[in-house]
Amino acid sequence: MSALLQVRGVSRLYGSRIGCEDVSFDLHPGELLCIVGESGSGKSTLLNTVAAQLAPSSGSVQYRQRHGGWLDVGGLSEADRRRLAREEWGFVTQNPRDGLRLNVSAGANVAERLMALGQRNYRQLRDIARGWLERVEIDPTRIDDAPTSFSGGMQQRLQIARTLVTQPRLVFMDEPTAGLDVSVQARILDLLRRLVNELGLAAVMVTHDLAVARLLAARTMVMQGGRVVETGLTDQILDDPQHPYTQLLVSSVLTT
Amino acid sequence: MAYNFAFLDEDTKRMLRRALLKAVAIPGYQVPFGSREMPLPYGWGTGGIQVTAALLGPDDVLKVIDQGADDTTNAVNIRRFFSRVAGVATTEHTADATLIQTRHRIPETSLREDQILVFQVPEPEPLRTLEPREAETRTLHALADYGLMHVKLYEDIAQYGHIATSYDYPVLVDGRFLTSPSPIPKFDNPKLDRSPALMLFGAGREKRLYAIPPYTRVESLAFDDHPFEIQRWEQQCELCGSGDSYLDEVVVDDRGTRMFVCSDTDFCSGRRMEAQA
């Protein structure tokens, strides 16, 4: 099977400081790739660069379209980039308040992407929004409530519903469970795992939490100082880390 | 102290006319212009008054309305201002005017090809309440990415059961630019569609001009299952008996007695004159 996303030698510099340097990987349809590393290691920079929210300083990102042709993400016009982000990609931010529209109801948040795609039937929009609230375990009777009245975990689930409602092929997630308490985290991870399987999504997820990687990802990339130091099957990396930094990372996880 | 004809200097008028030509060439597109300080505060029609000043010629007949009325403070003052600084004839009759500056209404009497309607606009950007960043709203216009506007209409239906936006109801001009019709009641929106008269919009504080040229398609946004509707009244105008004009509800005493009258004073008095004759 050919890849969905092909990242080759991507670097992103902030002046002379390195954000991320010379990163290459392939992402296949239906695959979830985790990028782990401590804060400041360039995970989010890499994610934003691959998702075309930051321009790479060098290197290329190729995305395979539905009809099979390759699209050079770096060379896209603003209009095409937005169309891609709206129709085929999704982005889940760490802080749901960045990804949600807080001054409109939960239902409008879920339906926004559909309306952007030209869906103009109110009743259908409501039905789909209700369905998605249910899928992410939010009581559908709260469809007209403001997201500000939701708890942090609910807001994050709402953001996931809002992102997945258009059935994107590729989703980028930046620490979607950080800042949530452990039990809420577990429910969201469970939900993500289920949805990723149901929808056959490909996803790139950034996390500093190795347990998240273990639970969700088949493949993991470890970053340090802007570089990828180790990459491979998640179990392999966590059970038999080769690089000293990965060994440190794995050994620093509290075990019960 | 003497003023140039119609208050503004000729260079400023030329700047305004160039911006207006561009606005007419790109229907619904907001053209930036160098808005001048005018002898009235922002929010009182500084945009409209500058457009009017740039258009006025000595032979023009000016009508100014405020919420449909010719005799309210704003209308009287602007009319008097132009008769003083330009010496042009003024009128209260829609049919006699060549240039009509308006705040928040379109006259009930149908307009003609030889008339221009100038709107005073407080906020030219229809997406502003949803998207505060100007750079972002400009990009959305450039890409014709208008899904956001339906979020607002969706919210209306979700909260009130129908599209409760009753004025400044967003329109799509010539199938391309999402445009604010200025705070006219949505009752007036159908009059924008393929109007024979040129419609010009001036926002003085926001420094934007835009236009709806004659016979341009203007479509009010809606959902398939919640189509655009205008306001209707069970009452008729108590002065002229009109059943199809925009009515104001006026409280007439301390016991809450109400009366409904035409908001367009010229239309109403015209009908009463006809009835007497």
# chains A, B, ... in the order shown; residues from 1 in each chain; ligands from 1
$ residues_around --residues "Tyr14 (chain A)" --least-positions-apart "5" --cutoff "12 Å" --atoms "only C-alpha atoms" --output "PyMOL selection string"
chain A and resi 19-21+42+45+54-57+226
$ residues_around --residues "region 207-224 of chain B" --least-positions-apart "2" --cutoff "8 Å" --atoms "only C-alpha atoms" --output "JSON, numbers by chain"
{"A": [120, 121, 122], "B": [19, 20, 23, 24, 26, 27, 28, 29, 30, 31, 32, 33, 34, 35, 47, 113, 124, 150, 153, 169, 170, 171, 172, 173, 174, 175, 189, 190, 192, 193, 194, 195, 196, 197, 198, 199, 200, 201, 202, 203, 204, 205, 226, 227, 228]}
$ interface_residues --of "chain B" --to "chain A" --cutoff "10 Å" --atoms "only C-alpha atoms" --output "list in words"
Thr129, Leu130, Glu131, Thr139, Leu140, Ala142, Leu143, Ala144, Asp145, Tyr146, Gly147, Leu148, Met149, His150, Val151, Lys152, Leu153, Tyr154, Glu155, Ile157, Ala158, Gln159, Leu221, Ala222, Phe223, Asp224, Asp225 and His226 of chain B
$ atom_distance --atom1 "CA of Ala86 (chain B)" --atom2 "CA of Gln120 (chain B)"
19.6 Å
$ select_by_dssp --residues "region 57-218 of chain B" --states "strand (DSSP E or B)" --output "MDAnalysis selection string"
chainID B and resid 61:66 69 89:90 99:103 116:120 167 171:173 177:179 185 198:203 208:212 218
$ write_last_selection --atoms "C-alpha atoms" --output "mmCIF file, in the first residue's frame"
data_model
loop_
_atom_site.group_PDB
_atom_site.id
_atom_site.type_symbol
_atom_site.label_atom_id
_atom_site.label_comp_id
_atom_site.auth_asym_id
_atom_site.auth_seq_id
_atom_site.Cartn_x
_atom_site.Cartn_y
_atom_site.Cartn_z
ATOM 1 C CA VAL B 61 -32.182 67.233 -5.871
ATOM 2 C CA LEU B 62 -31.335 65.732 -2.503
ATOM 3 C CA LYS B 63 -33.514 63.760 -0.153
ATOM 4 C CA VAL B 64 -32.264 62.545 3.226
ATOM 5 C CA ILE B 65 -34.079 59.969 5.322
ATOM 6 C CA ASP B 66 -33.404 58.531 8.732
ATOM 7 C CA ALA B 69 -38.504 59.612 8.105
ATOM 8 C CA ALA B 89 -32.408 71.799 -3.984
ATOM 9 C CA THR B 90 -33.811 69.393 -1.405
ATOM 10 C CA LEU B 99 -29.875 61.513 -4.861
ATOM 11 C CA ILE B 100 -31.198 59.958 -1.659
ATOM 12 C CA GLN B 101 -29.023 59.553 1.406
ATOM 13 C CA THR B 102 -30.539 57.070 3.786
ATOM 14 C CA ARG B 103 -30.030 55.646 7.213
ATOM 15 C CA ILE B 116 -28.819 56.994 -6.593
ATOM 16 C CA LEU B 117 -29.314 55.692 -3.076
ATOM 17 C CA VAL B 118 -26.498 56.352 -0.578
ATOM 18 C CA PHE B 119 -26.448 54.273 2.603
ATOM 19 C CA GLN B 120 -24.822 55.169 5.914
ATOM 20 C CA TYR B 167 -31.902 43.929 10.227
ATOM 21 C CA VAL B 171 -26.646 39.183 1.369
ATOM 22 C CA LEU B 172 -24.563 37.709 -1.405
ATOM 23 C CA VAL B 173 -24.008 40.272 -4.162
ATOM 24 C CA PHE B 177 -19.230 38.916 -2.265
ATOM 25 C CA LEU B 178 -20.913 38.516 1.083
ATOM 26 C CA THR B 179 -22.111 41.997 1.924
ATOM 27 C CA PRO B 185 -34.719 45.873 8.073
ATOM 28 C CA LEU B 198 -27.445 52.529 -8.142
ATOM 29 C CA MET B 199 -26.847 51.736 -4.466
ATOM 30 C CA LEU B 200 -23.714 53.080 -2.780
ATOM 31 C CA PHE B 201 -22.578 52.366 0.766
ATOM 32 C CA GLY B 202 -20.236 54.518 2.837
ATOM 33 C CA ALA B 203 -18.679 53.615 6.191
ATOM 34 C CA ARG B 208 -14.806 51.513 3.400
ATOM 35 C CA LEU B 209 -17.032 52.044 0.369
ATOM 36 C CA TYR B 210 -18.975 49.453 -1.543
ATOM 37 C CA ALA B 211 -21.672 49.362 -4.162
ATOM 38 C CA ILE B 212 -24.520 47.387 -5.612
ATOM 39 C CA VAL B 218 -28.678 40.249 -4.533
#
$ select_by_dssp --residues "region 96-170 of chain B" --states "alpha helix (DSSP H)" --output "list in words"
Glu134, Ala135, Glu136, Thr137, Arg138, Thr139, Leu140, His141, Ala142, Gly147, Leu148, Met149, His150, Val151, Lys152, Leu153, Tyr154, Glu155, Asp156, Ile157, Ala158, Gln159 and Tyr160 of chain B
$ atom_distance --atom1 "CA of Phe150 (chain A)" --atom2 "CA of Gly90 (chain A)"
21.7 Å
$ residues_around --residues "Asn95 (chain A)" --least-positions-apart "5" --cutoff "12 Å" --atoms "only C-alpha atoms" --output "ChimeraX atom specification"
/A:100,152-160,173-180
$ atom_distance --atom1 "CA of Ser11 (chain A)" --atom2 "CA of Leu46 (chain A)"
8.1 Å
$ residues_around --residues "region 208-211 of chain A" --least-positions-apart "3" --cutoff "10 Å" --atoms "only C-alpha atoms" --output "list in words"
Cys34, Ile35, Val36, Gly37, Glu38, Ser39, Ser41, Lys43, Asp174, Glu175, Thr177, Ala178, Arg214, Leu215, Leu216, Ala217, Thr220, Val222, Thr234, Leu238, Leu249, Val250 and Val253 of chain A
$ closest_atom_pairs --of "region 124-184 of chain B" --to "region 231-243 of chain B" --cutoff "12 Å" --atoms "only C-alpha atoms" --output "JSON lines"
{"residue": "B:Ile163", "atom": "CA", "partner": "B:Gln231", "partner_atom": "CA", "distance": 11.3}
{"residue": "B:Ala164", "atom": "CA", "partner": "B:Gln231", "partner_atom": "CA", "distance": 10.4}
{"residue": "B:Thr165", "atom": "CA", "partner": "B:Gln231", "partner_atom": "CA", "distance": 10.7}
{"residue": "B:Ser166", "atom": "CA", "partner": "B:Gln231", "partner_atom": "CA", "distance": 7.9}
{"residue": "B:Tyr167", "atom": "CA", "partner": "B:Gln231", "partner_atom": "CA", "distance": 10.2}
$ write_last_selection --atoms "N, CA, C and O atoms" --output "tab-separated table (two decimals), in the first residue's frame"
chain	number	residue	atom	x	y	z
B	163	ILE	N	-34.90	32.27	11.82
B	163	ILE	CA	-33.78	33.19	11.64
B	163	ILE	C	-34.20	34.55	12.21
B	163	ILE	O	-35.02	35.25	11.64
B	164	ALA	N	-33.67	34.85	13.39
B	164	ALA	CA	-34.15	36.01	14.12
B	164	ALA	C	-33.46	37.30	13.69
B	164	ALA	O	-33.87	38.38	14.10
B	165	THR	N	-32.41	37.21	12.90
B	165	THR	CA	-31.76	38.42	12.40
B	165	THR	C	-32.78	39.21	11.61
B	165	THR	O	-33.35	38.71	10.64
B	166	SER	N	-33.08	40.43	12.06
B	166	SER	CA	-34.18	41.15	11.44
B	166	SER	C	-33.69	42.40	10.71
B	166	SER	O	-34.41	42.99	9.94
B	167	TYR	N	-32.45	42.80	10.96
B	167	TYR	CA	-31.90	43.93	10.23
B	167	TYR	C	-30.44	43.61	9.93
B	167	TYR	O	-29.87	42.70	10.54
$ closest_residue --among "A:Leu84, A:Leu13, A:Leu32, A:Leu27" --to "Arg193 (chain A)" --atoms "only C-alpha atoms"
A:Leu32
$ residues_around --residues "Ile106 (chain B)" --least-positions-apart "5" --cutoff "8 Å" --atoms "only C-alpha atoms" --output "count of residues only"
4
$ closest_residue --among "B:Asp168, B:Arg105, B:Pro132, B:Lys186" --to "Asp70 (chain B)" --atoms "only C-alpha atoms"
B:Arg105
$ closest_residue --among "B:Leu127, B:Leu247, B:Ile78, B:Leu8" --to "Ala54 (chain B)" --atoms "only C-alpha atoms"
B:Leu8
$ closest_residue --among "B:Arg128, B:Ile230, B:Met15, B:Thr257" --to "His162 (chain B)" --atoms "only C-alpha atoms"
B:Ile230
$ residues_around --residues "Gln62 (chain A)" --least-positions-apart "5" --cutoff "12 Å" --atoms "only C-alpha atoms" --output "NGL selection string"
:A and (3-10 or 24-27 or 50-52 or 68-76)
